[in-house]
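Colleague: Below you'll find data-v7.txt; it's compact mmCIF, C-alpha atoms.
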# COMPACT_ATOMS: atom_id res chain seq x y z
CA MET A 1334 0.00 0.00 0.00
CA SER A 1335 1.40 3.40 -0.96
CA ALA A 1336 1.53 6.30 1.49
CA SER A 1337 -1.22 7.95 -0.55
CA ASP A 1338 -3.40 4.83 -0.30
CA ALA A 1339 -2.78 4.62 3.46
CA GLN A 1340 -4.41 8.00 4.07
CA PHE A 1341 -7.65 6.55 2.69
CA TYR A 1342 -7.58 3.34 4.69
CA PRO A 1343 -10.88 2.95 6.57
CA ASP A 1344 -11.16 3.37 10.32
CA LEU A 1345 -11.09 0.08 12.19
CA ASP A 1346 -13.90 0.91 14.62
CA ALA A 1347 -16.42 2.90 12.56
CA ASP A 1348 -20.14 2.25 12.27
CA GLU A 1349 -21.52 0.37 9.26
CA ARG A 1350 -22.36 3.41 7.13
CA THR A 1351 -19.00 5.05 7.73
CA THR A 1352 -17.17 1.79 7.03
CA LEU A 1353 -18.98 1.32 3.70
CA SER A 1354 -18.35 4.95 2.73
CA GLN A 1355 -14.67 4.82 3.66
CA PHE A 1356 -13.99 1.56 1.83
CA LEU A 1357 -15.73 2.88 -1.28
CA ASP A 1358 -13.77 6.14 -1.10
CA GLN A 1359 -10.54 4.18 -0.72
CA TYR A 1360 -11.21 2.35 -4.00
CA ARG A 1361 -12.36 5.55 -5.70
CA HIS A 1362 -9.08 7.19 -4.71
CA ARG A 1363 -7.12 4.29 -6.16
CA VAL A 1364 -9.00 4.57 -9.48
CA ILE A 1365 -7.98 8.23 -9.77
CA ALA A 1366 -4.40 7.40 -8.78
CA ARG A 1367 -4.15 4.76 -11.53
CA ILE A 1368 -5.60 6.86 -14.36
CA THR A 1369 -3.74 10.08 -13.53
CA GLY A 1370 -0.47 8.20 -13.75
CA LEU A 1371 -1.05 7.60 -17.47
CA SER A 1372 -0.63 9.77 -20.53
CA ASP A 1373 -3.69 10.40 -22.70
CA GLU A 1374 -2.34 7.94 -25.26
CA GLN A 1375 -1.78 5.24 -22.64
CA ALA A 1376 -5.33 5.73 -21.32
CA ARG A 1377 -6.68 5.18 -24.85
CA THR A 1378 -4.56 2.11 -25.60
CA ARG A 1379 -6.03 -1.37 -25.85
CA SER A 1380 -3.01 -2.73 -24.03
CA ILE A 1381 -4.23 -6.32 -23.72
CA PRO A 1382 -5.26 -7.66 -27.15
CA ALA A 1383 -7.76 -10.19 -25.78
CA THR A 1384 -10.05 -7.39 -24.53
CA ALA A 1385 -11.52 -4.21 -25.96
CA MET A 1386 -11.06 -2.52 -22.58
CA ARG A 1387 -8.85 0.52 -22.26
CA PRO A 1388 -7.80 2.17 -18.98
CA GLY A 1389 -9.85 5.24 -19.83
CA GLY A 1390 -12.88 3.13 -20.67
CA VAL A 1391 -12.79 1.47 -17.27
CA VAL A 1392 -12.78 4.87 -15.55
CA LYS A 1393 -15.62 6.18 -17.73
CA HIS A 1394 -17.64 3.04 -17.04
CA LEU A 1395 -17.12 3.47 -13.29
CA ALA A 1396 -18.29 7.10 -13.55
CA HIS A 1397 -21.40 5.87 -15.37
CA MET A 1398 -22.08 3.26 -12.70
CA GLU A 1399 -21.70 5.85 -9.90
CA ASP A 1400 -24.34 8.04 -11.56
CA HIS A 1401 -26.53 5.09 -12.50
CA TRP A 1402 -26.69 3.57 -9.03
CA PHE A 1403 -26.54 6.63 -6.80
CA THR A 1404 -28.01 9.51 -8.82
CA ALA A 1405 -30.65 7.62 -10.79
CA ARG A 1406 -31.50 4.47 -8.82
CA ILE A 1407 -31.23 5.21 -5.11
CA GLY A 1408 -31.44 9.01 -5.56
CA GLY A 1409 -34.35 8.90 -8.01
CA GLY A 1410 -32.85 11.66 -10.17
CA GLU A 1411 -32.12 11.92 -13.86
CA LEU A 1412 -28.77 10.88 -15.25
CA PRO A 1413 -26.52 13.89 -15.91
CA GLU A 1414 -24.44 14.38 -19.04
CA PRO A 1415 -22.78 12.65 -20.75
CA TRP A 1416 -25.12 9.76 -19.87
CA ALA A 1417 -28.38 11.66 -20.49
CA SER A 1418 -27.68 12.02 -24.21
CA ALA A 1419 -25.47 8.95 -24.69
CA PRO A 1420 -26.74 6.10 -26.89
CA LEU A 1421 -26.59 3.65 -23.97
CA ASP A 1422 -29.61 1.66 -25.18
CA THR A 1423 -28.35 1.21 -28.73
CA GLN A 1424 -24.55 1.11 -28.40
CA GLN A 1425 -23.43 -1.60 -26.05
CA ASN A 1426 -20.40 -0.62 -23.97
CA TRP A 1427 -20.64 3.02 -25.11
CA ASP A 1428 -18.96 4.17 -21.92
CA PHE A 1429 -15.98 1.87 -22.52
CA VAL A 1430 -15.63 2.66 -26.24
CA SER A 1431 -16.28 6.42 -26.23
CA ALA A 1432 -13.47 6.99 -23.73
CA ALA A 1433 -11.02 6.68 -26.63
CA ASP A 1434 -11.91 10.33 -27.36
CA ASP A 1435 -11.34 11.57 -23.80
CA SER A 1436 -8.19 12.86 -22.11
CA VAL A 1437 -7.00 11.61 -18.73
CA ALA A 1438 -7.93 14.98 -17.22
CA GLU A 1439 -11.47 14.74 -18.65
CA LEU A 1440 -11.90 11.19 -17.39
CA ALA A 1441 -10.58 12.00 -13.91
CA GLU A 1442 -12.91 15.01 -13.68
CA LEU A 1443 -15.89 12.99 -14.92
CA TYR A 1444 -15.22 10.27 -12.35
CA GLU A 1445 -14.54 12.66 -9.47
CA LEU A 1446 -17.76 14.59 -10.19
CA ALA A 1447 -19.77 11.36 -10.36
CA CYS A 1448 -18.28 10.22 -7.04
CA SER A 1449 -19.08 13.60 -5.50
CA ARG A 1450 -22.71 13.32 -6.63
CA SER A 1451 -22.81 9.79 -5.20
CA ARG A 1452 -21.51 10.97 -1.83
CA ASP A 1453 -24.10 13.77 -1.82
CA VAL A 1454 -26.95 11.36 -2.56
CA ALA A 1455 -25.80 8.84 0.06
CA GLY A 1456 -25.34 11.62 2.61
CA ARG A 1457 -28.89 12.91 2.12
CA LEU A 1458 -30.51 9.52 2.69
CA PRO A 1459 -31.51 8.90 6.31
CA SER A 1460 -30.58 5.24 6.56
CA LEU A 1461 -28.78 2.36 4.88
CA ASP A 1462 -32.22 0.74 4.82
CA THR A 1463 -33.62 3.49 2.55
CA THR A 1464 -35.05 1.82 -0.54
CA ALA A 1465 -34.53 3.02 -4.08
CA PRO A 1466 -37.51 4.66 -5.76
CA ARG A 1467 -36.55 2.87 -8.97
CA PRO A 1468 -36.40 -0.93 -8.92
CA SER A 1469 -33.33 -2.76 -10.07
CA PHE A 1470 -32.91 -5.78 -12.31
CA GLY A 1471 -36.70 -6.12 -12.44
CA LYS A 1472 -36.64 -7.76 -9.00
CA GLY A 1473 -37.86 -4.90 -6.87
CA PRO A 1474 -36.27 -2.12 -4.85
CA VAL A 1475 -32.77 -2.15 -3.45
CA THR A 1476 -31.50 -0.36 -0.36
CA LEU A 1477 -28.72 2.19 0.02
CA ARG A 1478 -26.76 -0.57 1.78
CA TRP A 1479 -27.12 -2.81 -1.30
CA VAL A 1480 -26.06 0.01 -3.65
CA MET A 1481 -22.98 0.79 -1.57
CA VAL A 1482 -21.93 -2.86 -1.36
CA HIS A 1483 -22.57 -3.29 -5.09
CA MET A 1484 -20.44 -0.24 -5.89
CA LEU A 1485 -17.68 -1.60 -3.64
CA GLU A 1486 -17.83 -4.80 -5.70
CA GLU A 1487 -17.98 -2.94 -9.03
CA THR A 1488 -15.17 -0.53 -8.19
CA ALA A 1489 -12.85 -3.16 -6.70
CA CYS A 1490 -13.37 -5.51 -9.65
CA HIS A 1491 -12.70 -2.82 -12.24
CA LEU A 1492 -9.77 -1.44 -10.22
CA GLY A 1493 -8.14 -4.85 -10.76
CA HIS A 1494 -8.77 -4.53 -14.49
CA LEU A 1495 -7.43 -0.99 -14.44
CA ASP A 1496 -4.24 -2.08 -12.67
CA LEU A 1497 -3.52 -4.69 -15.36
CA LEU A 1498 -4.47 -2.44 -18.28
CA ALA A 1499 -2.47 0.51 -16.95
CA ASP A 1500 0.62 -1.62 -16.29
CA ALA A 1501 0.42 -3.11 -19.78
CA ALA A 1502 -0.02 0.35 -21.36
CA ARG A 1503 3.15 1.76 -19.78
Using the file provided, produce a representation of the structure as structure tokens.
Modeller:
Amino acid sequence: MSASDAQFYPDLDADERTTLSQFLDQYRHRVIARITGLSDEQARTRSIPATAMRPGGVVKHLAHMEDHWFTARIGGGELPEPWASAPLDTQQNWDFVSAADDSVAELAELYELACSRSRDVAGRLPSLDTTAPRPSFGKGPVTLRWVMVHMLEETACHLGHLDLLADAAR
């Protein structure tokens, strides 16, 4: 763990909500650390031939998922740009593919803004048991707790992809 990562390590004796928030922020910090260490060209590179993923695409996808789960699902709001006008229904993996046109600075800003909106939404909700006004996966409502755990899973999984893709792009 780097010194920078250590400053984001979660408290050992925090309550459930704080623990979930701190772990998620730790992974969010690591995403930004990985992408900002790359040049724009490296972020656009398909560095592992067996996949269409690029480092920048992973970050853009994570930004999309932050807004999807926190802003739209549990928050009940509308998706902000670029998602509001993106062809997400007709172009599979648009967030991954369209990142080839984005700079590292643009991707980092997009992700940081999405994470900030997510923190705001989570902070406004009274309880981890708050249910989403919009159902998920057609199976009914999810709670803030579920969204936070899911985003921990999503972010940690894609951080592993980002580590490999970024290392291969260097």
Colleague: Using all atoms listed in the file, which of A:Arg1450, A:His1401, A:Arg1478, A:Lys1393 sits nearest A:Ile1365?
Modeller: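 Selected residue with least distance to A:Ile1365: A:Lys1393.
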Colleague: Determine, counting all atoms listed in the file, which protein, DNA and RNA residues have an atom within 10 Å of an atom of A:Trp1427; residues of the same chain fewer than 4 positions away are not included. Present the result as a ChimeraX atom specification.
Modeller: /A:1390,1393-1394,1416,1419-1423,1431-1432
Colleague: Using all atoms listed in the file for the distances, tell me which of A:Ala1502, A:Arg1406, A:Glu1411, A:Ser1460 is nearest to A:Gly1473.
Modeller: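 Checking each of A:Ala1502, A:Arg1406, A:Glu1411, A:Ser1460 against A:Gly1473, counting all atoms listed in the file, the winner is A:Arg1406.
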Colleague: One decimal, Å: what's the distance from atom CA of A:Arg1377 over to atom CA of A:Ser1436, could you say?
Modeller: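 These two atoms are separated by 8.3 Å.
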Colleague: Which residues, written as an NGL selection string, have at least one atom at most 8 Å from A:Leu1443, with all atoms listed in the file counted and residues fewer than 4 positions away on the same chain left out?
Modeller: :A and (1393 or 1396 or 1439 or 1447)
Colleague: With distances taken over all atoms listed in the file, which of A:Pro1388, A:Gly1493, A:Pro1468, A:Gly1456 is nearest to A:Met1481?
Modeller: A:Gly1456
Colleague: Go through A:Ala1438, A:Ala1489, A:Leu1357, A:Val1482 and flag the residue nearest A:Thr1369, using only C-alpha atoms for the distances.
Modeller: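 Nearest candidate to A:Thr1369 out of A:Ala1438, A:Ala1489, A:Leu1357, A:Val1482: A:Ala1438.
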Colleague: Taking all atoms listed in the file into account, which of A:Asp1358, A:Val1480, A:Arg1363, A:Asp1344 comes nearest A:Leu1492?
Modeller: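 Result for the nearest residue to A:Leu1492: A:Arg1363.
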Colleague: Looking at all atoms listed in the file, which of A:Cys1490, A:Val1392, A:Ala1455, A:Met1484 is the one that sits closest to A:Thr1351?
Modeller: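 Of A:Cys1490, A:Val1392, A:Ala1455, A:Met1484, the one nearest A:Thr1351 is A:Ala1455, counting all atoms listed in the file.
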Colleague: Assuming 6 Å of padding per side, give the centre and edge lengths of the axis-aligned box around every listed atom of stretch 1414-1417 of chain A, in Å to one decimal and as lines of an AutoDock Vina configuration file.
Modeller:
center_x = -25.6
center_y = 12.1
center_z = -19.9
size_x = 17.6
size_y = 16.6
size_z = 13.7
Colleague: Using all atoms listed in the file, determine which residues lie at most 12 Å from A:Gly1389, disregarding the query and same-chain residues fewer than 6 positions distant; provide the list as a PyMOL selection string.
Modeller: chain A and resi 1364-1365+1367-1380+1395-1396+1428-1444+1491-1492+1494-1496+1498-1499+1502
Colleague: Mind pulling up the distance from atom CA of A:Ser1449 to atom CA of A:Gly1410?
Modeller: 14.7 Å
